[in-house]
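Asker: Here's a structure for you.
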Amino acid sequence: MTKETARETDWVPVALSASIVSGTSAGAVINGAEIVVWRDSKGAAHVWEDRCPHRGMRMSFGFVRGDHIACLYHGWAYDTAGQCQHIPAHPDLEVPKTIKIPTYAVEENSGLIWTALAADADVAGVPDLGVVVPVRSLYADCSLEHALAVLGKAEIPEAGSAPTPASLEKLTANCWALTSGATRLFVAAQTVGAMKTALHILIDDANGKAAALRAPVARWAEALRGTLEASAPGALMAEVA
């Protein structure tokens, strides 16, 4: 756990909203804790522990039907509160209330799904980034501290010109802004592990012109991953060895 994301009351981005469509689920990891992010048929996002209480199967391997998600292994189905409501092998059974999956706080704002592992997390910690254009979620084999050090020296694309040096500004515990001229990127960081970081990248669309930057920023992000991994302390030590 890094010092940047050490508090369970901090809100952590776990996915771009556009990547979790209704009726789907995906696995994610926060500081080694495995979670499932899923969206019901009404469009509401949910974040839970990624484990069925029955046999420990990952719920992210399961399937969403309406406002329930079912385990792939034996089909145990859970409602949006994490409570098991149906066991196919025992269709007439009144399912005990003790069969429940731990759920986490979830908020969706400005194209991002956020969660906090603590029940008392203050929703004010979720940043309102305004109108944005999502670019991609970038996963890199490096620490968050290293990623921030590289971003602090980054050059970002600008419409009609070569990349220019950007300033890095911290907005919340896990969100930063990279600004250069009229271009402003938002980088929401998710610490996966000590040497694994996810960066969810969006473009500020306050001027309505961000769509034209989506492709160059996506290419910039892919190059950024190469830079992050090649310059990470572990990678440098491996080269020396």
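Residues in the structure tokens are numbered from 1 in each chain, the chains being A, B, ... in the order shown, and ligands are numbered from 1 in the order shown.
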Need the shell around segment 215-227 of chain A: protein/DNA/RNA residues with any atom at most 8 Å away, counting only C-alpha atoms. Skip same-chain ones fewer than 4 positions apart. Format as a PDB file with all heavy atoms, in the first residue's frame?
Answerer:
```pdb
ATOM      1  N   VAL A 135     -10.493   8.506 -22.401  1.00  0.00           N
ATOM      2  CA  VAL A 135      -9.497   8.038 -23.368  1.00  0.00           C
ATOM      3  C   VAL A 135      -9.237   6.549 -23.181  1.00  0.00           C
ATOM      4  O   VAL A 135      -9.549   5.732 -24.045  1.00  0.00           O
ATOM      5  CB  VAL A 135      -8.181   8.835 -23.238  1.00  0.00           C
ATOM      6  CG1 VAL A 135      -7.135   8.313 -24.229  1.00  0.00           C
ATOM      7  CG2 VAL A 135      -8.440  10.312 -23.482  1.00  0.00           C
ATOM      8  N   ARG A 136      -8.690   6.175 -22.037  1.00  0.00           N
ATOM      9  CA  ARG A 136      -8.412   4.761 -21.780  1.00  0.00           C
ATOM     10  C   ARG A 136      -7.944   4.573 -20.345  1.00  0.00           C
ATOM     11  O   ARG A 136      -7.582   5.529 -19.662  1.00  0.00           O
ATOM     12  CB  ARG A 136      -7.338   4.217 -22.734  1.00  0.00           C
ATOM     13  CG  ARG A 136      -5.966   4.888 -22.579  1.00  0.00           C
ATOM     14  CD  ARG A 136      -4.899   4.145 -23.363  1.00  0.00           C
ATOM     15  NE  ARG A 136      -4.728   2.782 -22.864  1.00  0.00           N
ATOM     16  CZ  ARG A 136      -3.909   1.886 -23.437  1.00  0.00           C
ATOM     17  NH1 ARG A 136      -3.215   2.213 -24.502  1.00  0.00           N
ATOM     18  NH2 ARG A 136      -3.799   0.678 -22.929  1.00  0.00           N
ATOM     19  N   LEU A 138      -4.973   2.781 -18.360  1.00  0.00           N
ATOM     20  CA  LEU A 138      -3.614   2.339 -18.649  1.00  0.00           C
ATOM     21  C   LEU A 138      -3.062   1.589 -17.447  1.00  0.00           C
ATOM     22  O   LEU A 138      -3.074   2.101 -16.329  1.00  0.00           O
ATOM     23  CB  LEU A 138      -2.752   3.573 -18.935  1.00  0.00           C
ATOM     24  CG  LEU A 138      -1.299   3.356 -19.334  1.00  0.00           C
ATOM     25  CD1 LEU A 138      -1.217   2.855 -20.758  1.00  0.00           C
ATOM     26  CD2 LEU A 138      -0.527   4.669 -19.213  1.00  0.00           C
ATOM     27  N   TYR A 139      -2.575   0.366 -17.664  1.00  0.00           N
ATOM     28  CA  TYR A 139      -2.013  -0.448 -16.584  1.00  0.00           C
ATOM     29  C   TYR A 139      -0.509  -0.576 -16.799  1.00  0.00           C
ATOM     30  O   TYR A 139      -0.064  -1.006 -17.868  1.00  0.00           O
ATOM     31  CB  TYR A 139      -2.672  -1.827 -16.548  1.00  0.00           C
ATOM     32  CG  TYR A 139      -4.135  -1.751 -16.181  1.00  0.00           C
ATOM     33  CD1 TYR A 139      -5.093  -1.473 -17.153  1.00  0.00           C
ATOM     34  CD2 TYR A 139      -4.549  -1.912 -14.864  1.00  0.00           C
ATOM     35  CE1 TYR A 139      -6.446  -1.369 -16.818  1.00  0.00           C
ATOM     36  CE2 TYR A 139      -5.895  -1.810 -14.519  1.00  0.00           C
ATOM     37  CZ  TYR A 139      -6.834  -1.542 -15.507  1.00  0.00           C
ATOM     38  OH  TYR A 139      -8.158  -1.430 -15.172  1.00  0.00           O
ATOM     39  N   ALA A 140       0.266  -0.185 -15.794  1.00  0.00           N
ATOM     40  CA  ALA A 140       1.715  -0.180 -15.925  1.00  0.00           C
ATOM     41  C   ALA A 140       2.370  -0.886 -14.748  1.00  0.00           C
ATOM     42  O   ALA A 140       1.897  -0.788 -13.607  1.00  0.00           O
ATOM     43  CB  ALA A 140       2.235   1.258 -16.021  1.00  0.00           C
ATOM     44  N   ILE A 156       2.480  16.731 -23.092  1.00  0.00           N
ATOM     45  CA  ILE A 156       1.206  16.195 -23.562  1.00  0.00           C
ATOM     46  C   ILE A 156       0.824  16.809 -24.909  1.00  0.00           C
ATOM     47  O   ILE A 156       1.261  17.905 -25.250  1.00  0.00           O
ATOM     48  CB  ILE A 156       0.083  16.413 -22.534  1.00  0.00           C
ATOM     49  CG1 ILE A 156      -0.156  17.904 -22.288  1.00  0.00           C
ATOM     50  CG2 ILE A 156       0.409  15.697 -21.234  1.00  0.00           C
ATOM     51  CD1 ILE A 156      -1.341  18.185 -21.362  1.00  0.00           C
ATOM     52  N   PRO A 157       0.010  16.074 -25.698  1.00  0.00           N
ATOM     53  CA  PRO A 157      -0.383  16.574 -27.028  1.00  0.00           C
ATOM     54  C   PRO A 157      -1.242  17.823 -26.935  1.00  0.00           C
ATOM     55  O   PRO A 157      -2.034  17.984 -26.006  1.00  0.00           O
ATOM     56  CB  PRO A 157      -1.188  15.406 -27.609  1.00  0.00           C
ATOM     57  CG  PRO A 157      -0.844  14.211 -26.777  1.00  0.00           C
ATOM     58  CD  PRO A 157      -0.537  14.742 -25.415  1.00  0.00           C
ATOM     59  N   SER A 231      11.537   2.796 -17.169  1.00  0.00           N
ATOM     60  CA  SER A 231      12.297   3.600 -16.211  1.00  0.00           C
ATOM     61  C   SER A 231      12.016   3.250 -14.755  1.00  0.00           C
ATOM     62  O   SER A 231      12.584   3.858 -13.851  1.00  0.00           O
ATOM     63  CB  SER A 231      11.983   5.099 -16.442  1.00  0.00           C
ATOM     64  OG  SER A 231      10.607   5.353 -16.253  1.00  0.00           O
TER      65      SER A 231
END
```
Asker: Could you make a table, as a Markdown table, of the residues of segment 139-238 of chain A that have an atom within 12 Å of an atom of segment 114-119 of chain A, each with its nearest atom pair and distance in Å to one decimal, counting only C-alpha atoms, in chain and number order?
Answerer:
```
| residue | atom | partner | partner_atom | distance |
| --- | --- | --- | --- | --- |
| A:Ala173 | CA | A:Ala116 | CA | 11.6 |
| A:Asn174 | CA | A:Trp114 | CA | 10.1 |
| A:Cys175 | CA | A:Trp114 | CA | 11.0 |
| A:Ala188 | CA | A:Trp114 | CA | 9.7 |
| A:Ala189 | CA | A:Trp114 | CA | 10.6 |
| A:Gln190 | CA | A:Trp114 | CA | 9.8 |
| A:His200 | CA | A:Trp114 | CA | 11.1 |
```
Asker: Which one of A:Val14, A:Pro91, A:Ile113, A:Arg55 sits closest to Ile35 of chain A if you count only C-alpha atoms?
Answerer: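 Among the listed residues, the smallest separation from Ile35 of chain A belongs to A:Val14.
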Asker: Would you kindly return, as a tab-separated table (two decimals) with all heavy atoms, in the first residue's frame, each protein, DNA or RNA residue with an atom no farther than 9 Å from any atom of Gly130 of chain A, considering only C-alpha atoms and excluding same-chain residues fewer than 6 positions away?
Answerer:
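Final file, result23.tsv:
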```
chain	number	residue	atom	x	y	z
A	109	ASN	N	-19.05	9.66	-11.37
A	109	ASN	CA	-19.02	11.08	-11.68
A	109	ASN	C	-17.99	11.34	-12.76
A	109	ASN	O	-16.90	10.76	-12.76
A	109	ASN	CB	-18.67	11.90	-10.42
A	109	ASN	CG	-19.04	13.36	-10.55
A	109	ASN	OD1	-19.09	13.91	-11.65
A	109	ASN	ND2	-19.31	14.00	-9.42
A	110	SER	N	-18.34	12.18	-13.71
A	110	SER	CA	-17.40	12.64	-14.74
A	110	SER	C	-16.70	11.49	-15.46
A	110	SER	O	-15.49	11.53	-15.68
A	110	SER	CB	-16.37	13.59	-14.13
A	110	SER	OG	-16.99	14.68	-13.49
A	204	ASP	N	-10.29	16.97	-20.44
A	204	ASP	CA	-11.23	18.03	-20.08
A	204	ASP	C	-11.87	18.58	-21.36
A	204	ASP	O	-11.17	19.01	-22.28
A	204	ASP	CB	-10.46	19.14	-19.35
A	204	ASP	CG	-11.38	20.24	-18.82
A	204	ASP	OD1	-12.58	20.22	-19.14
A	204	ASP	OD2	-10.88	21.10	-18.07
A	205	ASP	N	-13.20	18.53	-21.42
A	205	ASP	CA	-13.89	18.98	-22.63
A	205	ASP	C	-14.67	20.26	-22.38
A	205	ASP	O	-15.72	20.50	-22.99
A	205	ASP	CB	-14.83	17.88	-23.14
A	205	ASP	CG	-15.27	18.11	-24.57
A	205	ASP	OD1	-14.53	18.77	-25.33
A	205	ASP	OD2	-16.37	17.63	-24.94
A	206	ALA	N	-14.17	21.10	-21.50
A	206	ALA	CA	-14.86	22.35	-21.18
A	206	ALA	C	-15.01	23.24	-22.41
A	206	ALA	O	-15.98	24.00	-22.53
A	206	ALA	CB	-14.10	23.11	-20.09
```
Asker: Could you pull the residues within 8 Å of Leu213 of chain A, counting only C-alpha atoms, minus those fewer than 5 positions along the same chain, as a list in words?
Answerer: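 The filter keeps Pro157, Glu158, Ala159 and Ile203 of chain A.
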Asker: Could you save those same residues with all heavy atoms as a short mmCIF file (atom, residue, chain, number, x, y, z; two decimals), in the first residue's frame?
Answerer:
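In the end it all went to part-v3.cif:
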```cif
data_model
loop_
_atom_site.label_atom_id
_atom_site.label_comp_id
_atom_site.auth_asym_id
_atom_site.auth_seq_id
_atom_site.Cartn_x
_atom_site.Cartn_y
_atom_site.Cartn_z
N PRO A 157 0.01 16.07 -25.70
CA PRO A 157 -0.38 16.57 -27.03
C PRO A 157 -1.24 17.82 -26.94
O PRO A 157 -2.03 17.98 -26.01
CB PRO A 157 -1.19 15.41 -27.61
CG PRO A 157 -0.84 14.21 -26.78
CD PRO A 157 -0.54 14.74 -25.42
N GLU A 158 -1.07 18.68 -27.91
CA GLU A 158 -1.94 19.85 -28.07
C GLU A 158 -2.45 19.86 -29.49
O GLU A 158 -1.77 19.43 -30.42
CB GLU A 158 -1.19 21.14 -27.77
CG GLU A 158 -0.91 21.37 -26.29
CD GLU A 158 -0.83 22.85 -25.97
OE1 GLU A 158 -1.87 23.52 -26.05
OE2 GLU A 158 0.27 23.31 -25.63
N ALA A 159 -3.66 20.33 -29.67
CA ALA A 159 -4.27 20.34 -31.00
C ALA A 159 -3.42 21.15 -31.98
O ALA A 159 -3.12 22.32 -31.73
CB ALA A 159 -5.68 20.93 -30.92
N ILE A 203 -9.94 13.55 -20.95
CA ILE A 203 -9.62 14.88 -21.44
C ILE A 203 -10.70 15.85 -20.99
O ILE A 203 -11.90 15.57 -21.12
CB ILE A 203 -9.53 14.91 -22.98
CG1 ILE A 203 -8.60 13.83 -23.50
CG2 ILE A 203 -9.06 16.29 -23.46
CD1 ILE A 203 -8.63 13.67 -25.02
#
```
Asker: Report as a compact mmCIF listing (two decimals) with all heavy atoms, in the first residue's frame all protein, DNA and RNA residues lying within 12 Å of Leu228 of chain A, evaluated on only C-alpha atoms, omitting residues in the same chain fewer than 2 positions from it.
Answerer:
```txt
# COMPACT_ATOMS: atom_id res chain seq x y z
N LEU A 138 -4.97 2.78 -18.36
CA LEU A 138 -3.61 2.34 -18.65
C LEU A 138 -3.06 1.59 -17.45
O LEU A 138 -3.07 2.10 -16.33
CB LEU A 138 -2.75 3.57 -18.94
CG LEU A 138 -1.30 3.36 -19.33
CD1 LEU A 138 -1.22 2.85 -20.76
CD2 LEU A 138 -0.53 4.67 -19.21
N TYR A 139 -2.57 0.37 -17.66
CA TYR A 139 -2.01 -0.45 -16.58
C TYR A 139 -0.51 -0.58 -16.80
O TYR A 139 -0.06 -1.01 -17.87
CB TYR A 139 -2.67 -1.83 -16.55
CG TYR A 139 -4.14 -1.75 -16.18
CD1 TYR A 139 -5.09 -1.47 -17.15
CD2 TYR A 139 -4.55 -1.91 -14.86
CE1 TYR A 139 -6.45 -1.37 -16.82
CE2 TYR A 139 -5.89 -1.81 -14.52
CZ TYR A 139 -6.83 -1.54 -15.51
OH TYR A 139 -8.16 -1.43 -15.17
N ALA A 140 0.27 -0.19 -15.79
CA ALA A 140 1.71 -0.18 -15.93
C ALA A 140 2.37 -0.89 -14.75
O ALA A 140 1.90 -0.79 -13.61
CB ALA A 140 2.24 1.26 -16.02
N ASP A 141 3.46 -1.59 -15.02
CA ASP A 141 4.22 -2.28 -13.98
C ASP A 141 5.18 -1.30 -13.32
O ASP A 141 6.38 -1.26 -13.63
CB ASP A 141 4.98 -3.47 -14.57
CG ASP A 141 4.04 -4.57 -15.06
OD1 ASP A 141 2.98 -4.75 -14.43
OD2 ASP A 141 4.36 -5.23 -16.06
N CYS A 142 4.64 -0.48 -12.43
CA CYS A 142 5.46 0.47 -11.68
C CYS A 142 4.65 0.95 -10.48
O CYS A 142 3.44 0.74 -10.41
CB CYS A 142 5.87 1.66 -12.56
SG CYS A 142 4.51 2.77 -12.99
N SER A 143 5.30 1.59 -9.55
CA SER A 143 4.61 2.13 -8.38
C SER A 143 3.91 3.43 -8.75
O SER A 143 4.24 4.08 -9.75
CB SER A 143 5.61 2.39 -7.26
OG SER A 143 6.48 3.46 -7.62
N LEU A 144 2.94 3.83 -7.93
CA LEU A 144 2.27 5.10 -8.15
C LEU A 144 3.25 6.26 -7.99
O LEU A 144 3.20 7.22 -8.76
CB LEU A 144 1.11 5.26 -7.16
CG LEU A 144 0.36 6.59 -7.20
CD1 LEU A 144 -0.17 6.89 -8.59
CD2 LEU A 144 -0.77 6.60 -6.18
N GLU A 145 4.15 6.17 -7.02
CA GLU A 145 5.13 7.24 -6.83
C GLU A 145 5.97 7.45 -8.09
O GLU A 145 6.22 8.59 -8.50
CB GLU A 145 6.05 6.92 -5.65
CG GLU A 145 5.42 7.10 -4.28
CD GLU A 145 4.66 5.84 -3.84
OE1 GLU A 145 4.56 4.88 -4.62
OE2 GLU A 145 4.15 5.83 -2.70
N HIS A 146 6.36 6.34 -8.72
CA HIS A 146 7.16 6.46 -9.94
C HIS A 146 6.31 7.07 -11.06
O HIS A 146 6.80 7.93 -11.81
CB HIS A 146 7.69 5.09 -10.36
CG HIS A 146 8.45 5.12 -11.65
ND1 HIS A 146 9.70 5.71 -11.75
CD2 HIS A 146 8.14 4.65 -12.89
CE1 HIS A 146 10.13 5.60 -13.00
NE2 HIS A 146 9.20 4.97 -13.71
N ALA A 147 5.06 6.64 -11.17
CA ALA A 147 4.19 7.18 -12.22
C ALA A 147 4.03 8.69 -12.06
O ALA A 147 4.08 9.45 -13.04
CB ALA A 147 2.83 6.49 -12.17
N LEU A 148 3.86 9.14 -10.82
CA LEU A 148 3.70 10.58 -10.59
C LEU A 148 4.98 11.35 -10.91
O LEU A 148 4.94 12.47 -11.42
CB LEU A 148 3.29 10.82 -9.14
CG LEU A 148 1.89 10.33 -8.75
CD1 LEU A 148 1.66 10.52 -7.27
CD2 LEU A 148 0.82 11.06 -9.56
N ALA A 149 6.13 10.74 -10.62
CA ALA A 149 7.40 11.39 -10.93
C ALA A 149 7.55 11.58 -12.43
O ALA A 149 8.01 12.63 -12.91
CB ALA A 149 8.56 10.57 -10.37
N VAL A 150 7.16 10.57 -13.20
CA VAL A 150 7.24 10.66 -14.66
C VAL A 150 6.22 11.66 -15.20
O VAL A 150 6.53 12.48 -16.07
CB VAL A 150 7.02 9.27 -15.30
CG1 VAL A 150 6.91 9.38 -16.83
CG2 VAL A 150 8.17 8.33 -14.93
N LEU A 151 5.00 11.63 -14.66
CA LEU A 151 3.98 12.57 -15.11
C LEU A 151 4.37 14.01 -14.82
O LEU A 151 4.01 14.93 -15.56
CB LEU A 151 2.64 12.25 -14.44
CG LEU A 151 1.92 10.99 -14.93
CD1 LEU A 151 0.74 10.68 -14.03
CD2 LEU A 151 1.45 11.18 -16.37
N LYS A 153 7.06 15.33 -15.29
CA LYS A 153 7.98 15.81 -16.33
C LYS A 153 7.40 15.58 -17.72
O LYS A 153 8.11 15.71 -18.72
CB LYS A 153 9.32 15.08 -16.21
CG LYS A 153 10.00 15.22 -14.85
CD LYS A 153 11.23 14.36 -14.77
CE LYS A 153 11.88 14.44 -13.39
NZ LYS A 153 13.07 13.54 -13.28
N ALA A 154 6.13 15.24 -17.79
CA ALA A 154 5.52 14.82 -19.05
C ALA A 154 5.26 15.98 -20.01
O ALA A 154 5.06 17.13 -19.59
CB ALA A 154 4.23 14.07 -18.79
N MET A 195 3.94 -2.67 -7.23
CA MET A 195 4.56 -2.37 -8.52
C MET A 195 3.57 -2.53 -9.67
O MET A 195 3.92 -2.98 -10.76
CB MET A 195 5.79 -3.27 -8.73
CG MET A 195 6.98 -2.91 -7.87
SD MET A 195 7.64 -1.25 -8.24
CE MET A 195 8.31 -1.53 -9.89
N LYS A 196 2.34 -2.15 -9.43
CA LYS A 196 1.32 -2.18 -10.49
C LYS A 196 0.36 -1.03 -10.26
O LYS A 196 -0.21 -0.89 -9.18
CB LYS A 196 0.56 -3.51 -10.45
CG LYS A 196 -0.41 -3.69 -11.62
CD LYS A 196 0.33 -4.11 -12.89
CE LYS A 196 -0.63 -4.52 -13.99
NZ LYS A 196 0.10 -4.98 -15.20
N THR A 197 0.21 -0.18 -11.27
CA THR A 197 -0.63 1.01 -11.16
C THR A 197 -1.54 1.13 -12.37
O THR A 197 -1.11 0.86 -13.50
CB THR A 197 0.24 2.27 -11.05
OG1 THR A 197 1.08 2.17 -9.90
CG2 THR A 197 -0.62 3.52 -10.92
N ALA A 198 -2.78 1.51 -12.14
CA ALA A 198 -3.70 1.81 -13.22
C ALA A 198 -3.94 3.31 -13.28
O ALA A 198 -4.18 3.94 -12.24
CB ALA A 198 -5.03 1.08 -13.01
N LEU A 199 -3.85 3.87 -14.46
CA LEU A 199 -4.10 5.29 -14.67
C LEU A 199 -5.30 5.43 -15.61
O LEU A 199 -5.24 4.97 -16.76
CB LEU A 199 -2.88 5.99 -15.28
CG LEU A 199 -1.57 5.89 -14.48
CD1 LEU A 199 -0.43 6.56 -15.27
CD2 LEU A 199 -1.73 6.54 -13.11
N ALA A 221 -0.65 8.01 -24.36
CA ALA A 221 -0.81 7.15 -23.19
C ALA A 221 -0.08 5.82 -23.39
O ALA A 221 0.55 5.31 -22.46
CB ALA A 221 -2.29 6.90 -22.92
N GLU A 222 -0.15 5.27 -24.59
CA GLU A 222 0.55 4.01 -24.85
C GLU A 222 2.06 4.20 -24.74
O GLU A 222 2.76 3.35 -24.19
CB GLU A 222 0.18 3.49 -26.24
CG GLU A 222 0.77 2.12 -26.56
CD GLU A 222 0.35 1.05 -25.56
OE1 GLU A 222 -0.79 1.10 -25.06
OE2 GLU A 222 1.18 0.16 -25.27
N ALA A 223 2.55 5.32 -25.26
CA ALA A 223 3.98 5.61 -25.13
C ALA A 223 4.35 5.84 -23.67
O ALA A 223 5.45 5.47 -23.23
CB ALA A 223 4.34 6.84 -25.97
N LEU A 224 3.44 6.45 -22.92
CA LEU A 224 3.68 6.69 -21.49
C LEU A 224 3.90 5.38 -20.76
O LEU A 224 4.78 5.28 -19.91
CB LEU A 224 2.50 7.46 -20.89
CG LEU A 224 2.52 7.65 -19.37
CD1 LEU A 224 3.69 8.53 -18.95
CD2 LEU A 224 1.18 8.24 -18.90
N ARG A 225 3.09 4.37 -21.07
CA ARG A 225 3.26 3.08 -20.40
C ARG A 225 4.66 2.53 -20.64
O ARG A 225 5.31 2.04 -19.72
CB ARG A 225 2.22 2.07 -20.87
CG ARG A 225 2.46 0.68 -20.27
CD ARG A 225 1.28 -0.24 -20.44
NE ARG A 225 0.94 -0.44 -21.85
CZ ARG A 225 -0.13 -1.13 -22.24
NH1 ARG A 225 -0.94 -1.65 -21.34
NH2 ARG A 225 -0.38 -1.29 -23.52
N GLY A 226 5.14 2.63 -21.87
CA GLY A 226 6.49 2.16 -22.16
C GLY A 226 7.53 2.90 -21.35
O GLY A 226 8.47 2.29 -20.82
N ALA A 230 9.85 1.09 -18.52
CA ALA A 230 11.29 1.03 -18.83
C ALA A 230 12.14 1.77 -17.80
O ALA A 230 13.29 1.41 -17.55
CB ALA A 230 11.54 1.61 -20.22
N SER A 231 11.54 2.80 -17.17
CA SER A 231 12.30 3.60 -16.21
C SER A 231 12.02 3.25 -14.76
O SER A 231 12.58 3.86 -13.85
CB SER A 231 11.98 5.10 -16.44
OG SER A 231 10.61 5.35 -16.25
N ALA A 232 11.13 2.28 -14.53
CA ALA A 232 10.81 1.87 -13.16
C ALA A 232 12.04 1.30 -12.49
O ALA A 232 12.85 0.62 -13.14
CB ALA A 232 9.68 0.86 -13.16
N PRO A 233 12.23 1.54 -11.17
CA PRO A 233 13.42 1.03 -10.47
C PRO A 233 13.65 -0.47 -10.65
O PRO A 233 14.77 -0.91 -10.87
CB PRO A 233 13.10 1.36 -9.01
CG PRO A 233 12.24 2.58 -9.10
CD PRO A 233 11.38 2.37 -10.31
N GLY A 234 12.61 -1.27 -10.63
CA GLY A 234 12.76 -2.70 -10.80
C GLY A 234 13.28 -3.06 -12.18
O GLY A 234 14.11 -3.97 -12.34
N ALA A 235 12.82 -2.33 -13.21
CA ALA A 235 13.26 -2.59 -14.57
C ALA A 235 14.72 -2.24 -14.75
O ALA A 235 15.49 -2.95 -15.40
CB ALA A 235 12.40 -1.81 -15.56
N LEU A 236 15.13 -1.15 -14.14
CA LEU A 236 16.53 -0.72 -14.23
C LEU A 236 17.47 -1.72 -13.56
O LEU A 236 18.55 -2.05 -14.06
CB LEU A 236 16.70 0.67 -13.61
CG LEU A 236 15.92 1.81 -14.30
CD1 LEU A 236 16.10 3.11 -13.53
CD2 LEU A 236 16.41 1.97 -15.74
```
Asker: Which polymer residues have any atom within 10 Å of an atom of Pro134 of chain A, counting only C-alpha atoms, with same-chain residues fewer than 3 positions away left out, as a PyMOL selection string?
Answerer: chain A and resi 16-19+110-112+131+137+185-186+200-205+210-211+214+218
Asker: Would you mind exporting the chosen residues as a short mmCIF file (atom, residue, chain, number, x, y, z; two decimals), in the first residue's frame, restricted to N, CA and C atoms?
Answerer:
```
data_model
loop_
_atom_site.label_atom_id
_atom_site.label_comp_id
_atom_site.auth_asym_id
_atom_site.auth_seq_id
_atom_site.Cartn_x
_atom_site.Cartn_y
_atom_site.Cartn_z
N LEU A 16 -13.28 3.32 -16.06
CA LEU A 16 -13.98 4.35 -16.81
C LEU A 16 -15.44 3.91 -16.92
N SER A 17 -16.35 4.83 -16.76
CA SER A 17 -17.77 4.49 -16.83
C SER A 17 -18.11 3.78 -18.13
N ALA A 18 -17.52 4.24 -19.23
CA ALA A 18 -17.84 3.67 -20.54
C ALA A 18 -17.40 2.22 -20.69
N SER A 19 -16.48 1.78 -19.85
CA SER A 19 -15.97 0.41 -19.98
C SER A 19 -16.84 -0.62 -19.28
N SER A 110 -18.34 12.18 -13.71
CA SER A 110 -17.40 12.64 -14.74
C SER A 110 -16.70 11.49 -15.46
N GLY A 111 -17.46 10.48 -15.82
CA GLY A 111 -16.90 9.40 -16.62
C GLY A 111 -16.08 8.39 -15.88
N LEU A 112 -16.14 8.39 -14.53
CA LEU A 112 -15.36 7.45 -13.73
C LEU A 112 -16.23 6.78 -12.68
N VAL A 131 -17.30 18.23 -17.75
CA VAL A 131 -17.51 17.49 -19.00
C VAL A 131 -16.16 16.94 -19.47
N SER A 137 -7.95 3.31 -19.92
CA SER A 137 -7.35 2.93 -18.65
C SER A 137 -6.02 2.27 -18.97
N LEU A 185 -5.57 17.30 -19.18
CA LEU A 185 -5.90 15.89 -19.00
C LEU A 185 -6.14 15.62 -17.52
N PHE A 186 -7.04 14.68 -17.24
CA PHE A 186 -7.24 14.20 -15.88
C PHE A 186 -6.69 12.78 -15.79
N HIS A 200 -6.36 6.01 -15.11
CA HIS A 200 -7.56 6.21 -15.93
C HIS A 200 -7.49 7.64 -16.48
N ILE A 201 -7.42 7.76 -17.78
CA ILE A 201 -7.10 9.03 -18.43
C ILE A 201 -8.31 9.60 -19.16
N LEU A 202 -8.59 10.88 -18.91
CA LEU A 202 -9.70 11.58 -19.55
C LEU A 202 -9.21 12.96 -20.00
N ILE A 203 -9.94 13.55 -20.95
CA ILE A 203 -9.62 14.88 -21.44
C ILE A 203 -10.70 15.85 -20.99
N ASP A 204 -10.29 16.97 -20.44
CA ASP A 204 -11.23 18.03 -20.08
C ASP A 204 -11.87 18.58 -21.36
N ASP A 205 -13.20 18.53 -21.42
CA ASP A 205 -13.89 18.98 -22.63
C ASP A 205 -14.67 20.26 -22.38
N ALA A 210 -12.37 18.50 -27.19
CA ALA A 210 -11.53 17.39 -26.74
C ALA A 210 -11.59 16.18 -27.66
N ALA A 211 -12.69 16.00 -28.40
CA ALA A 211 -12.83 14.82 -29.24
C ALA A 211 -11.68 14.70 -30.24
N ARG A 214 -8.59 12.96 -28.78
CA ARG A 214 -8.70 11.61 -28.21
C ARG A 214 -7.67 10.66 -28.80
N ALA A 218 -4.51 9.04 -26.82
CA ALA A 218 -4.43 7.59 -26.68
C ALA A 218 -3.04 7.09 -27.07
#
```
Asker: Could you tell me, as a list in words, which residues of segment 38-101 of chain A DSSP assigns to strand (DSSP E) when given the backbone?
Answerer: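 So the strand (DSSP E) residues in segment 38-101 of chain A would be Trp38, Arg39, Ala45, His46, Val47, Trp48, Glu49, Phe63, Val64, Arg65, His68, Ile69, Ala70, Ala77, Tyr78, Cys84, Gln85 and His86 of chain A.
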Asker: Please produce a file of those selected residues containing C-alpha atoms, as a short mmCIF file (atom, residue, chain, number, x, y, z; two decimals), in the first residue's frame.
Answerer:
```
data_model
loop_
_atom_site.label_atom_id
_atom_site.label_comp_id
_atom_site.auth_asym_id
_atom_site.auth_seq_id
_atom_site.Cartn_x
_atom_site.Cartn_y
_atom_site.Cartn_z
CA TRP A 38 -20.69 -4.51 -12.32
CA ARG A 39 -23.60 -2.58 -13.75
CA ALA A 45 -22.80 0.60 -10.85
CA HIS A 46 -21.85 -1.70 -7.97
CA VAL A 47 -18.51 -2.56 -6.37
CA TRP A 48 -18.17 -5.69 -4.23
CA GLU A 49 -15.62 -8.13 -2.92
CA PHE A 63 -23.22 -13.05 -15.36
CA VAL A 64 -25.60 -10.15 -14.78
CA ARG A 65 -29.35 -10.62 -15.18
CA HIS A 68 -28.85 -9.55 -9.94
CA ILE A 69 -25.40 -10.98 -10.55
CA ALA A 70 -24.93 -14.75 -10.47
CA ALA A 77 -27.67 -15.15 -7.55
CA TYR A 78 -27.20 -11.96 -5.49
CA CYS A 84 -28.02 -14.13 -2.00
CA GLN A 85 -31.59 -14.53 -3.25
CA HIS A 86 -31.55 -17.76 -5.24
#
```
Asker: For each of A:Gly32, A:Pro165, A:Gly66, A:Pro88, take the minimum atom-to-atom distance to Arg184 of chain A, counting only C-alpha atoms, then give the residue where this is smallest.
Answerer: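 Nearest candidate to Arg184 of chain A out of A:Gly32, A:Pro165, A:Gly66, A:Pro88: A:Pro165.
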Asker: Based on DSSP run over this structure's backbone, return all residues of segment 17-183 of chain A in helix (DSSP H, G or I), as a list in words.
Answerer: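 Helix (DSSP H, G or I) assignments inside segment 17-183 of chain A correspond to Ser17, Ala18, Ser19, Met59, Ser60, Phe61, Val123, Ala124, Gly125, Leu144, Glu145, His146, Ala147, Leu148, Ala149, Val150 and Leu151 of chain A.
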Asker: Extract, using only C-alpha atoms, all DNA, RNA and protein residues at most 9 Å from Ala28 of chain A, discarding same-chain residues fewer than 2 positions from it, and format them as a compact mmCIF listing (two decimals) with C-alpha atoms, in the first residue's frame.
Answerer:
```
# COMPACT_ATOMS: atom_id res chain seq x y z
CA VAL A 14 -11.72 1.51 -10.55
CA ALA A 15 -12.96 1.92 -14.13
CA ALA A 26 -15.16 -6.76 -14.59
CA ILE A 30 -7.06 -2.07 -5.09
CA ALA A 33 -7.87 -6.45 -2.62
CA GLU A 34 -9.83 -8.13 -5.42
CA ILE A 35 -13.14 -6.47 -6.29
CA VAL A 36 -15.82 -6.85 -8.94
CA VAL A 37 -17.31 -3.84 -10.71
CA ASP A 50 -14.85 -10.40 -5.87
CA SER A 60 -16.37 -11.06 -12.04
CA VAL A 192 -3.18 -2.23 -7.87
```
